[in-house]
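Visitor: Got a structure for you, questions after.
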Amino acid sequence: MFRYFGFSIGLTAAAILAAFFESGFAAAITIIILIAIEIAFSFDNAVINAKILKHMPIFWRKIFLTFGILIAVIGMRFVFPILIVMITADLSWSKVIDDALHHPATYAKHLEHAHVAIAAFGGAFLLTLTLYFLFDDARKDLWLKRTERVLQKAGGSIWLPPMIVVFVVLLLSVFAGEDAKTVLQAGIGGAVLYTAIKLFIDSLAKISGQSDSHEKPGSAAVMYTGFAAFMAFVYLEVLDASFSFDGVLGAFAITDKVILIALGLGVGAIWVRSLTVYMVDKGTLDVYKYLEHGAHYAILVLAIALLGSVFFEVPDAVTGFVGIGVIFASFISSREAIKDKQRSLGKA
């Protein structure tokens, strides 16, 4: 276990000590809370990451754990929110940096103003991801069998998920008032980006004879190579961004210190990466076959919450606990399936 989580444990201790000696006991407690929130609310992210990462060679797994960590910590938890504020508030880079470091209340207000664009983009991106999973007629393992069979029969077209999401975005924009244009542009952008990345990776995999559409449980995972592996890495980083948006916004309810937010959420993101690698190496998704289903349903909850937050406030705690509950239920179902299989083998 230390092999997988030793670095995360050491970095957590370093972050807590740094916060304590720099700002005192309260800052150390804040770091602990932020790390815990990021881990708890991003477990579904780790499951989806593991699904993709198992198809990536060792080289790209190392990139995911090295360069990818820098992107997650510095890029997505600090730089990217600043870029969002620059674009939406039409401010200079230096002005936003100054607000983030010295006027956190002003920065938080600018970031909150950008919430509509963030929520529409992230919600549409994650909803498209979920629908591709639910409409996939090649899946053999079904958790909520009646519902998933109906959805599989309704699927078949690779364009159906993004078309549904675009329709949802169009519908939401009708009721968004002065934010209609923002919802429309950001929402369609999220759906198009996820679709483009997914189809591009799938096409490259098929060209190289590595399609995993009908991969059997327990079989050796096919590997993305070359540009397909690079695009899979890009996909993981964009996915991480979609998950981090809501966390960054919600973190301001705990503290207005941007450095603490970036540090706490960043360390939490590293824990998520360690958990991803652990699940890949241990074959967790093959053993607990409904865990992937639970993660996608949890992502569906997050997508709905993000899109709904365009119109009303959705408490992060509600979204997080519902998501965790769904994943826990899928874990219990997986355990029961393992026991049933063992009993049937015992009788045989």
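So you can find residues: chains in the structure tokens are A, B, ... in the order shown, residues in each start at 1, and ligands are numbered from 1 in order.
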Quick one: everything within 7 Å of Arg335 of chain A, counting only C-alpha atoms, minus sequence neighbours fewer than 4 positions away in the same chain. Send it as a ChimeraX atom specification.

Guide: /A:288,331,339

Visitor: Would you list the contacts of Gly325 of chain A as a PyMOL selection string, taking every protein, DNA or RNA residue within 12 Å and counting only C-alpha atoms, but skipping same-chain residues closer than 3 positions in sequence?

Guide: chain A and resi 40-41+43-44+291+294-295+297-298+301+317-322+328-332

Visitor: Include N, CA and C atoms and write out the residues we just selected as a compact mmCIF listing (two decimals), in the first residue's frame.

Guide:
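Wrote it out as selection33.txt, contents follow:
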# COMPACT_ATOMS: atom_id res chain seq x y z
N ALA A 40 -13.00 12.62 -1.35
CA ALA A 40 -14.35 12.05 -1.24
C ALA A 40 -15.18 12.36 -2.47
N PHE A 41 -15.09 13.59 -2.97
CA PHE A 41 -15.94 14.00 -4.08
C PHE A 41 -15.37 13.60 -5.44
N PHE A 43 -13.84 10.49 -6.05
CA PHE A 43 -13.62 9.04 -6.17
C PHE A 43 -14.13 8.53 -7.51
N ASP A 44 -15.28 9.07 -7.96
CA ASP A 44 -15.81 8.66 -9.26
C ASP A 44 -14.85 9.04 -10.38
N LEU A 291 -18.62 -1.27 -10.04
CA LEU A 291 -18.03 -0.04 -9.55
C LEU A 291 -18.00 1.03 -10.64
N GLY A 294 -21.44 2.50 -10.91
CA GLY A 294 -21.70 3.44 -9.83
C GLY A 294 -21.02 4.77 -10.08
N ALA A 295 -19.78 4.73 -10.59
CA ALA A 295 -19.06 5.96 -10.88
C ALA A 295 -19.78 6.79 -11.94
N TYR A 297 -23.01 6.72 -12.68
CA TYR A 297 -24.24 7.28 -12.12
C TYR A 297 -23.92 8.46 -11.18
N ALA A 298 -22.79 8.35 -10.46
CA ALA A 298 -22.38 9.47 -9.61
C ALA A 298 -22.02 10.68 -10.46
N VAL A 301 -25.13 12.40 -11.50
CA VAL A 301 -25.61 13.27 -10.42
C VAL A 301 -24.86 14.61 -10.45
N ALA A 317 -22.29 19.55 -0.60
CA ALA A 317 -22.40 18.40 0.29
C ALA A 317 -23.45 17.41 -0.21
N VAL A 318 -24.57 17.94 -0.71
CA VAL A 318 -25.64 17.08 -1.22
C VAL A 318 -25.13 16.28 -2.42
N THR A 319 -24.53 16.98 -3.38
CA THR A 319 -23.99 16.31 -4.57
C THR A 319 -22.95 15.26 -4.19
N GLY A 320 -22.05 15.63 -3.29
CA GLY A 320 -20.98 14.73 -2.90
C GLY A 320 -21.49 13.48 -2.20
N PHE A 321 -22.38 13.66 -1.23
CA PHE A 321 -22.86 12.52 -0.46
C PHE A 321 -23.75 11.59 -1.30
N VAL A 322 -24.54 12.16 -2.20
CA VAL A 322 -25.35 11.32 -3.09
C VAL A 322 -24.43 10.50 -3.99
N PHE A 328 -20.98 3.59 -3.27
CA PHE A 328 -20.98 2.58 -2.20
C PHE A 328 -21.99 1.47 -2.52
N ALA A 329 -23.16 1.86 -3.04
CA ALA A 329 -24.18 0.86 -3.40
C ALA A 329 -23.65 -0.06 -4.50
N SER A 330 -22.93 0.51 -5.47
CA SER A 330 -22.38 -0.32 -6.55
C SER A 330 -21.30 -1.25 -6.02
N PHE A 331 -20.56 -0.80 -5.01
CA PHE A 331 -19.54 -1.64 -4.38
C PHE A 331 -20.20 -2.82 -3.68
N ILE A 332 -21.28 -2.57 -2.93
CA ILE A 332 -22.00 -3.64 -2.24
C ILE A 332 -22.57 -4.63 -3.25

Visitor: Could you name the residues that touch Ser173 of chain A at 6 Å or less, counting only C-alpha atoms, but leaving out those on the same chain fewer than 5 positions away, as JSON, numbers by chain?

Guide: {"A": [180, 183, 184]}

Visitor: With distances taken over only C-alpha atoms, which residue among A:Leu134, A:Ala176, A:Val277, A:Leu236 lies nearest Leu160 of chain A?

Guide: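 Residue with the minimum atom-to-atom distance to Leu160 of chain A: A:Leu134.
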
Visitor: Rounded to one decimal place, report the atom CA of Met56 of chain A-atom CA of Thr225 of chain A distance in Å.

Guide: 7.3 Å

Visitor: From the options A:Ile299, A:Ala36, A:Ala229, A:Leu275, which residue's atoms come nearest to Ile52 of chain A, counting only C-alpha atoms?

Guide: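 The shortest atom-to-atom distance to Ile52 of chain A comes from A:Ala229.
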
Visitor: Applying 12 Å and only C-alpha atoms, which residues near Gly6 of chain A remain after dropping the ones on its own chain fewer than 2 positions away? List them as a PyMOL selection string.

Guide: chain A and resi 1-4+8-13+270-271+274-275+278

Visitor: Excluding same-chain residues fewer than 3 positions from Leu101 of chain A, what lies within 12 Å of it counting only C-alpha atoms, as a ChimeraX atom specification?

Guide: /A:78,82,94-98,104-108,256-262

Visitor: Mind writing the picked residues with N, CA and C atoms as a PDB file, in the first residue's frame?

Guide:
ATOM      1  N   PHE A  78      -5.169  26.283  -9.938  1.00  0.00           N
ATOM      2  CA  PHE A  78      -4.721  27.662  -9.731  1.00  0.00           C
ATOM      3  C   PHE A  78      -4.764  28.472 -11.034  1.00  0.00           C
ATOM      4  N   ILE A  82      -7.873  31.219 -12.885  1.00  0.00           N
ATOM      5  CA  ILE A  82      -7.446  32.589 -13.180  1.00  0.00           C
ATOM      6  C   ILE A  82      -7.734  32.934 -14.641  1.00  0.00           C
ATOM      7  N   SER A  94      -2.195  40.122 -14.684  1.00  0.00           N
ATOM      8  CA  SER A  94      -1.612  40.679 -13.460  1.00  0.00           C
ATOM      9  C   SER A  94      -2.685  41.123 -12.465  1.00  0.00           C
ATOM     10  N   LYS A  95      -3.796  41.675 -12.987  1.00  0.00           N
ATOM     11  CA  LYS A  95      -4.878  42.123 -12.120  1.00  0.00           C
ATOM     12  C   LYS A  95      -5.533  40.933 -11.421  1.00  0.00           C
ATOM     13  N   VAL A  96      -5.773  39.865 -12.163  1.00  0.00           N
ATOM     14  CA  VAL A  96      -6.411  38.682 -11.571  1.00  0.00           C
ATOM     15  C   VAL A  96      -5.482  38.033 -10.555  1.00  0.00           C
ATOM     16  N   ILE A  97      -4.196  37.941 -10.878  1.00  0.00           N
ATOM     17  CA  ILE A  97      -3.219  37.386  -9.930  1.00  0.00           C
ATOM     18  C   ILE A  97      -3.190  38.214  -8.648  1.00  0.00           C
ATOM     19  N   ASP A  98      -3.197  39.536  -8.798  1.00  0.00           N
ATOM     20  CA  ASP A  98      -3.188  40.425  -7.635  1.00  0.00           C
ATOM     21  C   ASP A  98      -4.430  40.216  -6.773  1.00  0.00           C
ATOM     22  N   PRO A 104      -8.728  38.252  -2.071  1.00  0.00           N
ATOM     23  CA  PRO A 104      -9.421  36.983  -2.371  1.00  0.00           C
ATOM     24  C   PRO A 104     -10.936  37.111  -2.471  1.00  0.00           C
ATOM     25  N   ALA A 105     -11.535  38.043  -1.713  1.00  0.00           N
ATOM     26  CA  ALA A 105     -12.995  38.213  -1.787  1.00  0.00           C
ATOM     27  C   ALA A 105     -13.411  38.695  -3.171  1.00  0.00           C
ATOM     28  N   THR A 106     -12.621  39.621  -3.734  1.00  0.00           N
ATOM     29  CA  THR A 106     -12.896  40.129  -5.086  1.00  0.00           C
ATOM     30  C   THR A 106     -12.716  39.031  -6.115  1.00  0.00           C
ATOM     31  N   TYR A 107     -11.638  38.253  -5.943  1.00  0.00           N
ATOM     32  CA  TYR A 107     -11.366  37.143  -6.865  1.00  0.00           C
ATOM     33  C   TYR A 107     -12.482  36.114  -6.807  1.00  0.00           C
ATOM     34  N   ALA A 108     -12.940  35.795  -5.600  1.00  0.00           N
ATOM     35  CA  ALA A 108     -14.026  34.824  -5.431  1.00  0.00           C
ATOM     36  C   ALA A 108     -15.299  35.325  -6.109  1.00  0.00           C
ATOM     37  N   ASP A 256     -11.044  31.758   1.932  1.00  0.00           N
ATOM     38  CA  ASP A 256     -10.864  32.652   0.792  1.00  0.00           C
ATOM     39  C   ASP A 256      -9.390  32.777   0.401  1.00  0.00           C
ATOM     40  N   LYS A 257      -8.536  31.967   0.994  1.00  0.00           N
ATOM     41  CA  LYS A 257      -7.099  32.005   0.698  1.00  0.00           C
ATOM     42  C   LYS A 257      -6.800  31.073  -0.489  1.00  0.00           C
ATOM     43  N   VAL A 258      -6.480  31.686  -1.614  1.00  0.00           N
ATOM     44  CA  VAL A 258      -6.313  30.947  -2.866  1.00  0.00           C
ATOM     45  C   VAL A 258      -5.180  29.930  -2.778  1.00  0.00           C
ATOM     46  N   ILE A 259      -4.102  30.287  -2.107  1.00  0.00           N
ATOM     47  CA  ILE A 259      -2.962  29.365  -1.996  1.00  0.00           C
ATOM     48  C   ILE A 259      -3.374  28.113  -1.220  1.00  0.00           C
ATOM     49  N   LEU A 260      -4.114  28.277  -0.135  1.00  0.00           N
ATOM     50  CA  LEU A 260      -4.583  27.122   0.633  1.00  0.00           C
ATOM     51  C   LEU A 260      -5.516  26.247  -0.212  1.00  0.00           C
ATOM     52  N   ILE A 261      -6.383  26.895  -0.992  1.00  0.00           N
ATOM     53  CA  ILE A 261      -7.302  26.147  -1.850  1.00  0.00           C
ATOM     54  C   ILE A 261      -6.532  25.332  -2.872  1.00  0.00           C
ATOM     55  N   ALA A 262      -5.578  25.983  -3.550  1.00  0.00           N
ATOM     56  CA  ALA A 262      -4.788  25.283  -4.563  1.00  0.00           C
ATOM     57  C   ALA A 262      -3.990  24.137  -3.941  1.00  0.00           C
TER      58      ALA A 262
END

Visitor: Using only C-alpha atoms, I'd like a table of the residues in segment 236-328 of chain A that come within 10 Å of segment 115-133 of chain A; for each, show the closest atom pair and its distance in Å rounded to one decimal, ordered by chain and ascending number, as CSV.

Guide:
residue,atom,partner,partner_atom,distance
A:Val238,CA,A:Phe125,CA,9.3
A:Leu239,CA,A:Leu126,CA,8.0
A:Ala241,CA,A:Gly122,CA,8.2
A:Ser242,CA,A:Gly122,CA,4.9
A:Phe243,CA,A:Gly122,CA,7.5
A:Ser244,CA,A:Gly122,CA,9.3
A:Phe245,CA,A:Ile118,CA,6.7
A:Asp246,CA,A:Ala119,CA,7.7
A:Leu249,CA,A:His115,CA,8.0
A:Glu292,CA,A:Phe133,CA,9.7
A:His293,CA,A:Phe133,CA,8.6
A:Ala295,CA,A:Thr130,CA,9.3
A:His296,CA,A:Thr130,CA,5.6
A:Tyr297,CA,A:Thr130,CA,7.3
A:Ala298,CA,A:Thr130,CA,9.3
A:Ile299,CA,A:Leu126,CA,6.5
A:Leu300,CA,A:Leu127,CA,6.0
A:Val301,CA,A:Leu127,CA,9.0
A:Leu302,CA,A:Gly123,CA,7.3
A:Ala303,CA,A:Gly123,CA,4.2
A:Ile304,CA,A:Gly123,CA,6.6
A:Ala305,CA,A:Gly123,CA,7.7
A:Leu306,CA,A:Ala119,CA,4.9
A:Leu307,CA,A:Gly123,CA,5.3
A:Gly308,CA,A:Ala119,CA,8.4
A:Ser309,CA,A:Ala119,CA,6.9
A:Val310,CA,A:Val116,CA,5.4
A:Phe311,CA,A:Val116,CA,8.8

Visitor: I need the residues from that last selection saved to file as a PDB file, in the first residue's frame (with N, CA and C atoms), if you can.

Guide:
ATOM      1  N   VAL A 238      -8.661  16.861 -19.288  1.00  0.00           N
ATOM      2  CA  VAL A 238      -9.905  17.622 -19.468  1.00  0.00           C
ATOM      3  C   VAL A 238     -10.966  17.116 -18.494  1.00  0.00           C
ATOM      4  N   LEU A 239     -11.004  15.793 -18.319  1.00  0.00           N
ATOM      5  CA  LEU A 239     -11.936  15.207 -17.362  1.00  0.00           C
ATOM      6  C   LEU A 239     -11.644  15.717 -15.953  1.00  0.00           C
ATOM      7  N   ALA A 241     -10.291  18.514 -15.201  1.00  0.00           N
ATOM      8  CA  ALA A 241     -10.713  19.912 -15.153  1.00  0.00           C
ATOM      9  C   ALA A 241     -12.205  20.016 -14.876  1.00  0.00           C
ATOM     10  N   SER A 242     -12.995  19.169 -15.540  1.00  0.00           N
ATOM     11  CA  SER A 242     -14.443  19.209 -15.359  1.00  0.00           C
ATOM     12  C   SER A 242     -14.834  18.875 -13.928  1.00  0.00           C
ATOM     13  N   PHE A 243     -14.086  17.968 -13.304  1.00  0.00           N
ATOM     14  CA  PHE A 243     -14.360  17.621 -11.911  1.00  0.00           C
ATOM     15  C   PHE A 243     -13.868  18.707 -10.951  1.00  0.00           C
ATOM     16  N   SER A 244     -12.808  19.417 -11.329  1.00  0.00           N
ATOM     17  CA  SER A 244     -12.199  20.371 -10.404  1.00  0.00           C
ATOM     18  C   SER A 244     -12.952  21.694 -10.341  1.00  0.00           C
ATOM     19  N   PHE A 245     -13.700  22.042 -11.396  1.00  0.00           N
ATOM     20  CA  PHE A 245     -14.414  23.320 -11.417  1.00  0.00           C
ATOM     21  C   PHE A 245     -15.254  23.520 -10.157  1.00  0.00           C
ATOM     22  N   ASP A 246     -16.121  22.550  -9.915  1.00  0.00           N
ATOM     23  CA  ASP A 246     -17.063  22.676  -8.805  1.00  0.00           C
ATOM     24  C   ASP A 246     -16.329  22.699  -7.467  1.00  0.00           C
ATOM     25  N   LEU A 249     -14.813  26.207  -6.816  1.00  0.00           N
ATOM     26  CA  LEU A 249     -15.851  27.155  -6.403  1.00  0.00           C
ATOM     27  C   LEU A 249     -16.326  26.873  -4.978  1.00  0.00           C
ATOM     28  N   GLU A 292     -17.711   0.596 -11.852  1.00  0.00           N
ATOM     29  CA  GLU A 292     -17.709   1.528 -12.985  1.00  0.00           C
ATOM     30  C   GLU A 292     -19.104   2.102 -13.218  1.00  0.00           C
ATOM     31  N   HIS A 293     -20.132   1.258 -13.061  1.00  0.00           N
ATOM     32  CA  HIS A 293     -21.510   1.729 -13.209  1.00  0.00           C
ATOM     33  C   HIS A 293     -21.817   2.795 -12.159  1.00  0.00           C
ATOM     34  N   ALA A 295     -19.783   4.725 -10.593  1.00  0.00           N
ATOM     35  CA  ALA A 295     -19.061   5.961 -10.879  1.00  0.00           C
ATOM     36  C   ALA A 295     -19.781   6.788 -11.942  1.00  0.00           C
ATOM     37  N   HIS A 296     -20.287   6.127 -12.972  1.00  0.00           N
ATOM     38  CA  HIS A 296     -20.986   6.859 -14.029  1.00  0.00           C
ATOM     39  C   HIS A 296     -22.309   7.448 -13.528  1.00  0.00           C
ATOM     40  N   TYR A 297     -23.008   6.722 -12.685  1.00  0.00           N
ATOM     41  CA  TYR A 297     -24.240   7.283 -12.115  1.00  0.00           C
ATOM     42  C   TYR A 297     -23.921   8.458 -11.176  1.00  0.00           C
ATOM     43  N   ALA A 298     -22.793   8.355 -10.463  1.00  0.00           N
ATOM     44  CA  ALA A 298     -22.377   9.469  -9.615  1.00  0.00           C
ATOM     45  C   ALA A 298     -22.019  10.684 -10.462  1.00  0.00           C
ATOM     46  N   ILE A 299     -21.392  10.440 -11.604  1.00  0.00           N
ATOM     47  CA  ILE A 299     -21.070  11.530 -12.528  1.00  0.00           C
ATOM     48  C   ILE A 299     -22.347  12.138 -13.099  1.00  0.00           C
ATOM     49  N   LEU A 300     -23.344  11.299 -13.343  1.00  0.00           N
ATOM     50  CA  LEU A 300     -24.637  11.808 -13.811  1.00  0.00           C
ATOM     51  C   LEU A 300     -25.234  12.760 -12.774  1.00  0.00           C
ATOM     52  N   VAL A 301     -25.131  12.401 -11.500  1.00  0.00           N
ATOM     53  CA  VAL A 301     -25.608  13.270 -10.422  1.00  0.00           C
ATOM     54  C   VAL A 301     -24.864  14.606 -10.454  1.00  0.00           C
ATOM     55  N   LEU A 302     -23.536  14.541 -10.619  1.00  0.00           N
ATOM     56  CA  LEU A 302     -22.732  15.762 -10.654  1.00  0.00           C
ATOM     57  C   LEU A 302     -23.090  16.617 -11.868  1.00  0.00           C
ATOM     58  N   ALA A 303     -23.289  15.973 -13.020  1.00  0.00           N
ATOM     59  CA  ALA A 303     -23.645  16.713 -14.239  1.00  0.00           C
ATOM     60  C   ALA A 303     -24.973  17.442 -14.070  1.00  0.00           C
ATOM     61  N   ILE A 304     -25.953  16.744 -13.500  1.00  0.00           N
ATOM     62  CA  ILE A 304     -27.265  17.356 -13.273  1.00  0.00           C
ATOM     63  C   ILE A 304     -27.145  18.514 -12.275  1.00  0.00           C
ATOM     64  N   ALA A 305     -26.327  18.305 -11.237  1.00  0.00           N
ATOM     65  CA  ALA A 305     -26.137  19.360 -10.239  1.00  0.00           C
ATOM     66  C   ALA A 305     -25.474  20.588 -10.850  1.00  0.00           C
ATOM     67  N   LEU A 306     -24.478  20.374 -11.703  1.00  0.00           N
ATOM     68  CA  LEU A 306     -23.799  21.498 -12.356  1.00  0.00           C
ATOM     69  C   LEU A 306     -24.753  22.271 -13.254  1.00  0.00           C
ATOM     70  N   LEU A 307     -25.501  21.543 -14.073  1.00  0.00           N
ATOM     71  CA  LEU A 307     -26.445  22.219 -14.969  1.00  0.00           C
ATOM     72  C   LEU A 307     -27.558  22.905 -14.178  1.00  0.00           C
ATOM     73  N   GLY A 308     -27.994  22.258 -13.105  1.00  0.00           N
ATOM     74  CA  GLY A 308     -29.031  22.856 -12.268  1.00  0.00           C
ATOM     75  C   GLY A 308     -28.558  24.096 -11.542  1.00  0.00           C
ATOM     76  N   SER A 309     -27.237  24.150 -11.251  1.00  0.00           N
ATOM     77  CA  SER A 309     -26.704  25.294 -10.514  1.00  0.00           C
ATOM     78  C   SER A 309     -26.695  26.576 -11.333  1.00  0.00           C
ATOM     79  N   VAL A 310     -26.999  26.474 -12.632  1.00  0.00           N
ATOM     80  CA  VAL A 310     -27.164  27.669 -13.451  1.00  0.00           C
ATOM     81  C   VAL A 310     -28.354  28.479 -12.948  1.00  0.00           C
ATOM     82  N   PHE A 311     -29.355  27.777 -12.373  1.00  0.00           N
ATOM     83  CA  PHE A 311     -30.606  28.429 -11.980  1.00  0.00           C
ATOM     84  C   PHE A 311     -30.767  28.557 -10.468  1.00  0.00           C
TER      85      PHE A 311
END

Visitor: Please, what distance in Å, to one decimal, runs between atom CA of Leu144 of chain A and atom CA of Val192 of chain A?

Guide: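 Calculated distance between atom CA of Leu144 of chain A and atom CA of Val192 of chain A is 28.0 Å.
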
Visitor: Could you tell me how far atom CA of Ile201 of chain A lies from atom CA of Phe233 of chain A, in Å and to one decimal?

Guide: 10.2 Å

Visitor: Go through A:Pro81, A:Gly24, A:Gly155, A:Gly268 and flag the residue nearest Ala100 of chain A, using only C-alpha atoms for the distances.

Guide: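 Looking only at the distances to Ala100 of chain A, the closest residue turns out to be A:Pro81.
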
Visitor: How would you write, as a list in words, the set of residues in segment 111-140 of chain A that DSSP gives as helix (DSSP H, G or I)?

Guide: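 DSSP-assigned helix (DSSP H, G or I) residues in segment 111-140 of chain A: Leu111, Glu112, His113, His115, Val116, Ala117, Ile118, Ala119, Ala120, Phe121, Gly122, Gly123, Ala124, Phe125, Leu126, Leu127, Thr128, Leu129, Thr130, Leu131, Tyr132, Phe133 and Leu134 of chain A.
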
Visitor: Could you write out the selected residues, including N, CA and C atoms, as a PDB file, in the first residue's frame?

Guide:
ATOM      1  N   LEU A 111     -14.904  34.824  -9.792  1.00  0.00           N
ATOM      2  CA  LEU A 111     -15.025  33.402 -10.104  1.00  0.00           C
ATOM      3  C   LEU A 111     -16.476  32.953 -10.034  1.00  0.00           C
ATOM      4  N   GLU A 112     -17.197  33.479  -9.064  1.00  0.00           N
ATOM      5  CA  GLU A 112     -18.620  33.167  -8.945  1.00  0.00           C
ATOM      6  C   GLU A 112     -19.382  33.692 -10.162  1.00  0.00           C
ATOM      7  N   HIS A 113     -18.959  34.869 -10.665  1.00  0.00           N
ATOM      8  CA  HIS A 113     -19.593  35.431 -11.859  1.00  0.00           C
ATOM      9  C   HIS A 113     -19.393  34.517 -13.065  1.00  0.00           C
ATOM     10  N   HIS A 115     -19.418  31.369 -12.918  1.00  0.00           N
ATOM     11  CA  HIS A 115     -19.988  30.064 -12.579  1.00  0.00           C
ATOM     12  C   HIS A 115     -20.901  29.516 -13.667  1.00  0.00           C
ATOM     13  N   VAL A 116     -21.678  30.378 -14.316  1.00  0.00           N
ATOM     14  CA  VAL A 116     -22.623  29.912 -15.335  1.00  0.00           C
ATOM     15  C   VAL A 116     -21.881  29.208 -16.475  1.00  0.00           C
ATOM     16  N   ALA A 117     -20.819  29.838 -16.963  1.00  0.00           N
ATOM     17  CA  ALA A 117     -20.043  29.237 -18.050  1.00  0.00           C
ATOM     18  C   ALA A 117     -19.383  27.936 -17.601  1.00  0.00           C
ATOM     19  N   ILE A 118     -18.821  27.959 -16.386  1.00  0.00           N
ATOM     20  CA  ILE A 118     -18.162  26.765 -15.847  1.00  0.00           C
ATOM     21  C   ILE A 118     -19.154  25.620 -15.677  1.00  0.00           C
ATOM     22  N   ALA A 119     -20.317  25.923 -15.096  1.00  0.00           N
ATOM     23  CA  ALA A 119     -21.318  24.893 -14.826  1.00  0.00           C
ATOM     24  C   ALA A 119     -21.881  24.314 -16.119  1.00  0.00           C
ATOM     25  N   ALA A 120     -22.147  25.175 -17.106  1.00  0.00           N
ATOM     26  CA  ALA A 120     -22.711  24.705 -18.372  1.00  0.00           C
ATOM     27  C   ALA A 120     -21.711  23.823 -19.121  1.00  0.00           C
ATOM     28  N   PHE A 121     -20.445  24.263 -19.160  1.00  0.00           N
ATOM     29  CA  PHE A 121     -19.416  23.476 -19.852  1.00  0.00           C
ATOM     30  C   PHE A 121     -19.171  22.145 -19.136  1.00  0.00           C
ATOM     31  N   GLY A 122     -18.898  22.216 -17.834  1.00  0.00           N
ATOM     32  CA  GLY A 122     -18.610  20.998 -17.081  1.00  0.00           C
ATOM     33  C   GLY A 122     -19.783  20.047 -17.038  1.00  0.00           C
ATOM     34  N   GLY A 123     -20.992  20.576 -16.850  1.00  0.00           N
ATOM     35  CA  GLY A 123     -22.181  19.729 -16.806  1.00  0.00           C
ATOM     36  C   GLY A 123     -22.432  19.018 -18.120  1.00  0.00           C
ATOM     37  N   ALA A 124     -22.291  19.753 -19.238  1.00  0.00           N
ATOM     38  CA  ALA A 124     -22.515  19.148 -20.556  1.00  0.00           C
ATOM     39  C   ALA A 124     -21.446  18.105 -20.871  1.00  0.00           C
ATOM     40  N   PHE A 125     -20.188  18.402 -20.513  1.00  0.00           N
ATOM     41  CA  PHE A 125     -19.087  17.473 -20.738  1.00  0.00           C
ATOM     42  C   PHE A 125     -19.333  16.159 -20.000  1.00  0.00           C
ATOM     43  N   LEU A 126     -19.677  16.258 -18.720  1.00  0.00           N
ATOM     44  CA  LEU A 126     -19.876  15.056 -17.902  1.00  0.00           C
ATOM     45  C   LEU A 126     -21.161  14.317 -18.272  1.00  0.00           C
ATOM     46  N   LEU A 127     -22.195  15.040 -18.681  1.00  0.00           N
ATOM     47  CA  LEU A 127     -23.431  14.387 -19.109  1.00  0.00           C
ATOM     48  C   LEU A 127     -23.200  13.591 -20.393  1.00  0.00           C
ATOM     49  N   THR A 128     -22.430  14.140 -21.310  1.00  0.00           N
ATOM     50  CA  THR A 128     -22.098  13.421 -22.544  1.00  0.00           C
ATOM     51  C   THR A 128     -21.329  12.149 -22.230  1.00  0.00           C
ATOM     52  N   LEU A 129     -20.380  12.254 -21.306  1.00  0.00           N
ATOM     53  CA  LEU A 129     -19.611  11.082 -20.871  1.00  0.00           C
ATOM     54  C   LEU A 129     -20.543   9.987 -20.354  1.00  0.00           C
ATOM     55  N   THR A 130     -21.464  10.358 -19.489  1.00  0.00           N
ATOM     56  CA  THR A 130     -22.378   9.380 -18.879  1.00  0.00           C
ATOM     57  C   THR A 130     -23.273   8.728 -19.915  1.00  0.00           C
ATOM     58  N   LEU A 131     -23.804   9.521 -20.844  1.00  0.00           N
ATOM     59  CA  LEU A 131     -24.724   8.978 -21.844  1.00  0.00           C
ATOM     60  C   LEU A 131     -24.027   8.015 -22.795  1.00  0.00           C
ATOM     61  N   TYR A 132     -22.780   8.307 -23.136  1.00  0.00           N
ATOM     62  CA  TYR A 132     -22.036   7.352 -23.970  1.00  0.00           C
ATOM     63  C   TYR A 132     -21.923   6.009 -23.264  1.00  0.00           C
ATOM     64  N   PHE A 133     -21.734   6.031 -21.968  1.00  0.00           N
ATOM     65  CA  PHE A 133     -21.649   4.777 -21.206  1.00  0.00           C
ATOM     66  C   PHE A 133     -23.001   4.068 -21.172  1.00  0.00           C
ATOM     67  N   LEU A 134     -24.066   4.794 -20.875  1.00  0.00           N
ATOM     68  CA  LEU A 134     -25.387   4.184 -20.718  1.00  0.00           C
ATOM     69  C   LEU A 134     -25.935   3.640 -22.039  1.00  0.00           C
TER      70      LEU A 134
END
